[in-house]
Amino acid sequence: MDDTNLVLPQVGDHALRVLAPTLLELRHVNTKAPDPAVVSNWNFVDQNGLSTAPSASRFSVSVGGEPVAVTAVGFRRRVLSAPLKTYDLRIDNALYLQLASPVADGQSVEVTNPDGQIWSATEIFAVTADPLRYSPAIHVNQEGYVPSFPKKAMIGYYLGDMGEMPIAAAGFSIIDVNTDSVVFQGTLTQQRDIGYQTTPLPYQQVYVADFSGLTTPGEYQIKITGMGTSLPFLINDGIAMGFARTYALGLYGQRSGAAATLPFTRFTHAADHTAPAQVPSNDSDPQFSFTWKTIAGYASTVNTNNPAQVAPALTSEASSLYPFVKSGTVDVAGGHWDAGDYSKYTENSAELVHYLVFTVDSIAGVQNMDNLGIPESGDGIPDVLQEAKWEADFLSKMQDSDGGFYFLAYPKSHEYESNALPENGESQVVWPKNTSVTAASVAALAEAGSSPAMKRYYPQAATKYLQSAQLGWQFLTSAIAKYGKAGAYQKITFYSDDWTHDDELAWAAAAMFAATGDSQYQSKLLEWFPNPADSSTFRWGWWRMSQGWGNAIRTYAFAARSGRLPQGALNAAFLAACEGQVVAAGDDAVTWSHDNAYASPFPTATKAVNGGGWYFSLDQASDMAVAYQINPKPAYVDALVGAMNYEGGSNPVNVTFLTGLGLKRQHENVSQYAQNSRRILPPTGIPLGQVTAGFEYLPGYGSELSGLSYPTDSGSKNSYPYYDRWSDAFNVTQEFITVNQARGFLATAFLASLTSSSAGAWTAPAATIVVPSTIAPLNTPLVLSVSVPGLDLTGARVVWEARDQQAAFGSTFTVTPVNNGDQWVEVEIEWPDGRRAFAASDFQANSPNQVWIDDALPAGAAVGSDGGENWTWGAANPAPESGGLAARTVSAAGLHEQWFTGATGTMQVNAGDTLYAWVFLDSAHPPSEIMLGWNDGSSWEHRAYWGANDVTYGTNGTAGRFYAGPLPATGIWVKLSVPASSVGLSGSLVSGMDFALFDGSVTWDAIGRSSAGP
């Protein structure tokens, strides 16, 4: 059982680990059917959430062949995987055994349960205590460490109801991966987490291994005597640049309005949402009923943190203070998808422009980065500027003729587009204008228009942006003159609603002043935002530099530093106050990092209320990168590196929280593209939320995921600690927005700018996969390879994906086609400094006979049963017709059946094919009817039956209930066959089957399809 590669552990996987000389971990993955079903085995939690773990006496442990007593038992349980699209629940269970005497390196260890009630004899828990074994308690940045930066790893482990694992070792070693020789030694120091008020306090037994003194490039592991070793990691000057390039690739992948193509990414798609969006100016038009009903619902939801809205609620076009001027349609193509769906929120677009423009103007060295690997790389223009222009061009399209900006571009008939790739997205509309998003757009376009880089490389666009900003400012001042400052604001949704529009207005005034030097804008800024240190402008009273207030402060503080204005044009006192807040925000993040056992700047105030969700380490850390530009304190770099390490895998669960990096990767994420693409892995460059309070309600699972956690996620006593609350499950509290990506890029681009690896040309190269030139046989392994002309793949991390295969690392890739037809394959090559190469290819496979089911169900199958069935596989009575196992049914009266759906290992059925299944009828209890059903992903109306017409599914005489003949003889294996055309499956992709009986019992074996030729 290996959870450090690209394959998620399967149900039934199990393993024994020697965590420490006197501590064993027994892991076992199981599942359960939807509620009210219970966990299938290892169910050591009662209905009150209390442990029923076996007593110590029920385990027998031998070490080196000699018995060793178990003195204590602990238990932990959490959902391992719960994907959205298909019910595929996997639960990770762990038993912890404290031993009376230690295990020495090299000794064999075996754990049994003599009564056979905890696990069966076929499950073996045995291991040898290799001194170089992998330890999940040693947490490293799986990408690596920059030689000149601080280098730290964290040691700690959560043992469920046994608490934290005591760390007995005093020191650590760094060993060379290639020679196992020790190259560095150091002392472990304790790093307690500060701020939680739960009982017991979490993360008090975490230790730091600081090896900053090791600067020699190479590949290494951390070794702790008695515990084992960490995952391998590099010391390489390119690590920070690798993170920056990954974030940049993620932003490129969020582009809308254009195709994403090779060689820049393997996550390709056609141009999306290029059709003009409609203007829903007539709210009585039935085609806009959903839009206005949704707007009215949001507008009627009161934000109690804001003063009461003076303006009428925006529930109809008639109630709008700012009716649409344009009618018909508007071109809103372009920009970036706001988040995991395909909507584009104007507020977030403006913030994205702000951070990208700020990065290129104010972070030294970023203007030299024309080498991020996006399509524009190598053209002599900073790549980040071009990403900013892509968004600013879209933002300017969102302006109505009167200067106001539409609230967002949104699906016409649904809140979110789902079950579609972007090019198949729905028709869109624009939503009404309001002053908050207009002010944000004015600010962003003023910054883009006054950017020295934009004016240098795109002077005409810069002029246009500033003109749009000035028109928008006129809209705002006219609105305020007519309705008053408070009365001019109408809420639309919770986006841009904090502080109503006050923070965006301050930001707009700051940006317009920085862009023009006109004192009227500075006067408004000082009127609307007289005190940057006013805690009423802090989010929740403690989070300074938040939202529009923070953007205003940043814009003013860097107006001269970025080259927009001379220093003398600024108000000295206000400038000092803004600079003070920039530095204070950076200092806050340093404090949070120091108070965190794993060096992530998770706010202390959030810990105090047991909060979690939408937290991204490098996003939070970016305030330190900004502060460094004013006060270059080494503590900022140290804490920024800590945040990068946390995202890179130096966290309690060893997961890399930036997709496309590391060894242990999350598969499930909140992305409509990822949910609907052919791939297992999500697109590269997506930040994943890193501290979550718990599970979300999910279709298919309901609320049952939370109930499976032990200890509980609820309450403040004996609860599951927050940084360990990870699952590879769909969870909207992990969803990013592009602003998170931009802030993460800012942080890592700053770190990269301190290294030599940020320099040098790079454009995405063409890679080639070598695939068979002739039709390949099914079920036969093939070895594929890749080449990139002129580039050495030594030291590169190579990721492969292919049809019906698990993703894998490797310089080559072994695939075994299991379905006829086109076989796609993709590869992603990553060098340590984040340079990437991509390739995709395909080849054909076919076989006259395809065995789809034999000894096990296809990959990804989600099982179900009724009438007492339970999917039992056996090797005898009768002996299998094929392979080592066959599936036996129970003997029961009436209808009883078992089925599966959603298999990712599908079966392609071609015209002329015959479907077959081997069956053995019980002589003592024969059924009156056998029915087979096939599911093509959308319908079960593909059934054949043998014997009596007792099962009433479908309509007799159709493809939904086709009579295939009499029952076969009992007591022998018989091959049932039916033409695929008779059950309507010619040319279909089958992902599920149903096995139904009426009375009696049968055993099923090899099931598949056959055709006349290759």
# chains A, B, ... in the order shown; residues from 1 in each chain; ligands from 1

call {"tool": "closest_atom_pairs", "arguments": {"of": "region 47-109 of chain A", "to": "region 723-737 of chain A", "cutoff": "12 Å", "atoms": "only C-alpha atoms", "output": "JSON lines"}}
result
{"residue": "A:Arg76", "atom": "CA", "partner": "A:Asp724", "partner_atom": "CA", "distance": 11.2}
{"residue": "A:Arg77", "atom": "CA", "partner": "A:Arg725", "partner_atom": "CA", "distance": 10.7}
{"residue": "A:Arg78", "atom": "CA", "partner": "A:Ser727", "partner_atom": "CA", "distance": 7.5}
{"residue": "A:Val79", "atom": "CA", "partner": "A:Ser727", "partner_atom": "CA", "distance": 6.0}
{"residue": "A:Leu80", "atom": "CA", "partner": "A:Ser727", "partner_atom": "CA", "distance": 5.1}
{"residue": "A:Ser81", "atom": "CA", "partner": "A:Asp728", "partner_atom": "CA", "distance": 4.6}
{"residue": "A:Ala82", "atom": "CA", "partner": "A:Ala729", "partner_atom": "CA", "distance": 4.4}
{"residue": "A:Pro83", "atom": "CA", "partner": "A:Ala729", "partner_atom": "CA", "distance": 5.3}
{"residue": "A:Leu84", "atom": "CA", "partner": "A:Phe730", "partner_atom": "CA", "distance": 5.7}
{"residue": "A:Lys85", "atom": "CA", "partner": "A:Phe730", "partner_atom": "CA", "distance": 9.2}
{"residue": "A:Thr86", "atom": "CA", "partner": "A:Phe730", "partner_atom": "CA", "distance": 11.0}
{"residue": "A:Tyr87", "atom": "CA", "partner": "A:Ala729", "partner_atom": "CA", "distance": 10.9}
{"residue": "A:Asp88", "atom": "CA", "partner": "A:Ala729", "partner_atom": "CA", "distance": 10.1}
{"residue": "A:Leu89", "atom": "CA", "partner": "A:Ala729", "partner_atom": "CA", "distance": 9.2}
{"residue": "A:Arg90", "atom": "CA", "partner": "A:Asp728", "partner_atom": "CA", "distance": 9.5}
{"residue": "A:Ile91", "atom": "CA", "partner": "A:Ser727", "partner_atom": "CA", "distance": 9.5}
{"residue": "A:Asp92", "atom": "CA", "partner": "A:Ser727", "partner_atom": "CA", "distance": 9.4}

call {"tool": "residues_around", "arguments": {"residues": "Gly340 (chain A)", "least_positions_apart": "4", "cutoff": "10 Å", "atoms": "only C-alpha atoms", "output": "ChimeraX atom specification"}}
result
/A:254,416-417,669-675,686,732,735-738

call {"tool": "select_by_dssp", "arguments": {"residues": "region 423-634 of chain A", "states": "strand (DSSP E or B)", "output": "list in words"}}
result
Gln428, Val429, Val430, Lys433, Arg539 and Trp543 of chain A

call {"tool": "write_last_selection", "arguments": {"atoms": "N, CA, C and O atoms", "output": "PDB file, in the first residue's frame"}}
result
ATOM      1  N   GLN A 428     -24.485  32.901 -22.132  1.00  0.00           N
ATOM      2  CA  GLN A 428     -24.268  33.739 -20.970  1.00  0.00           C
ATOM      3  C   GLN A 428     -25.011  35.064 -21.085  1.00  0.00           C
ATOM      4  O   GLN A 428     -25.378  35.503 -22.178  1.00  0.00           O
ATOM      5  N   VAL A 429     -25.209  35.661 -19.917  1.00  0.00           N
ATOM      6  CA  VAL A 429     -25.764  37.000 -19.820  1.00  0.00           C
ATOM      7  C   VAL A 429     -24.814  37.840 -18.968  1.00  0.00           C
ATOM      8  O   VAL A 429     -23.951  37.307 -18.270  1.00  0.00           O
ATOM      9  N   VAL A 430     -24.983  39.149 -19.038  1.00  0.00           N
ATOM     10  CA  VAL A 430     -24.327  40.027 -18.078  1.00  0.00           C
ATOM     11  C   VAL A 430     -25.357  40.438 -17.041  1.00  0.00           C
ATOM     12  O   VAL A 430     -26.550  40.504 -17.330  1.00  0.00           O
ATOM     13  N   LYS A 433     -25.312  46.615 -13.343  1.00  0.00           N
ATOM     14  CA  LYS A 433     -24.172  47.374 -12.824  1.00  0.00           C
ATOM     15  C   LYS A 433     -24.405  47.728 -11.357  1.00  0.00           C
ATOM     16  O   LYS A 433     -25.537  47.832 -10.901  1.00  0.00           O
ATOM     17  N   ARG A 539     -10.578  43.279   8.018  1.00  0.00           N
ATOM     18  CA  ARG A 539     -11.560  42.188   7.936  1.00  0.00           C
ATOM     19  C   ARG A 539     -11.667  41.527   9.308  1.00  0.00           C
ATOM     20  O   ARG A 539     -10.655  41.138   9.903  1.00  0.00           O
ATOM     21  N   TRP A 543      -7.767  41.497  10.296  1.00  0.00           N
ATOM     22  CA  TRP A 543      -7.051  41.184   9.053  1.00  0.00           C
ATOM     23  C   TRP A 543      -6.857  42.469   8.262  1.00  0.00           C
ATOM     24  O   TRP A 543      -7.751  42.916   7.566  1.00  0.00           O
TER      25      TRP A 543
END

call {"tool": "residues_around", "arguments": {"residues": "Leu575 (chain A)", "least_positions_apart": "4", "cutoff": "9 Å", "atoms": "only C-alpha atoms", "output": "number ranges by chain"}}
result
A: 553, 556-557, 570-571, 579-580

call {"tool": "closest_residue", "arguments": {"among": "A:Pro147, A:Gly404, A:Gly700, A:Gly744", "to": "Leu356 (chain A)", "atoms": "only C-alpha atoms"}}
result
A:Gly744

call {"tool": "residues_around", "arguments": {"residues": "region 918-935 of chain A", "least_positions_apart": "5", "cutoff": "7 Å", "atoms": "only C-alpha atoms", "output": "PyMOL selection string"}}
result
chain A and resi 891+940+942-950+967+970-976+990-1007

call {"tool": "residues_around", "arguments": {"residues": "region 754-769 of chain A", "least_positions_apart": "6", "cutoff": "9 Å", "atoms": "only C-alpha atoms", "output": "number ranges by chain"}}
result
A: 146, 148, 237-241, 262-265, 365-366, 368-378, 784-789, 825-827, 833, 835-842

call {"tool": "closest_residue", "arguments": {"among": "A:Gly380, A:Gly116, A:Gly548, A:Pro880", "to": "Ala444 (chain A)", "atoms": "only C-alpha atoms"}}
result
A:Gly548
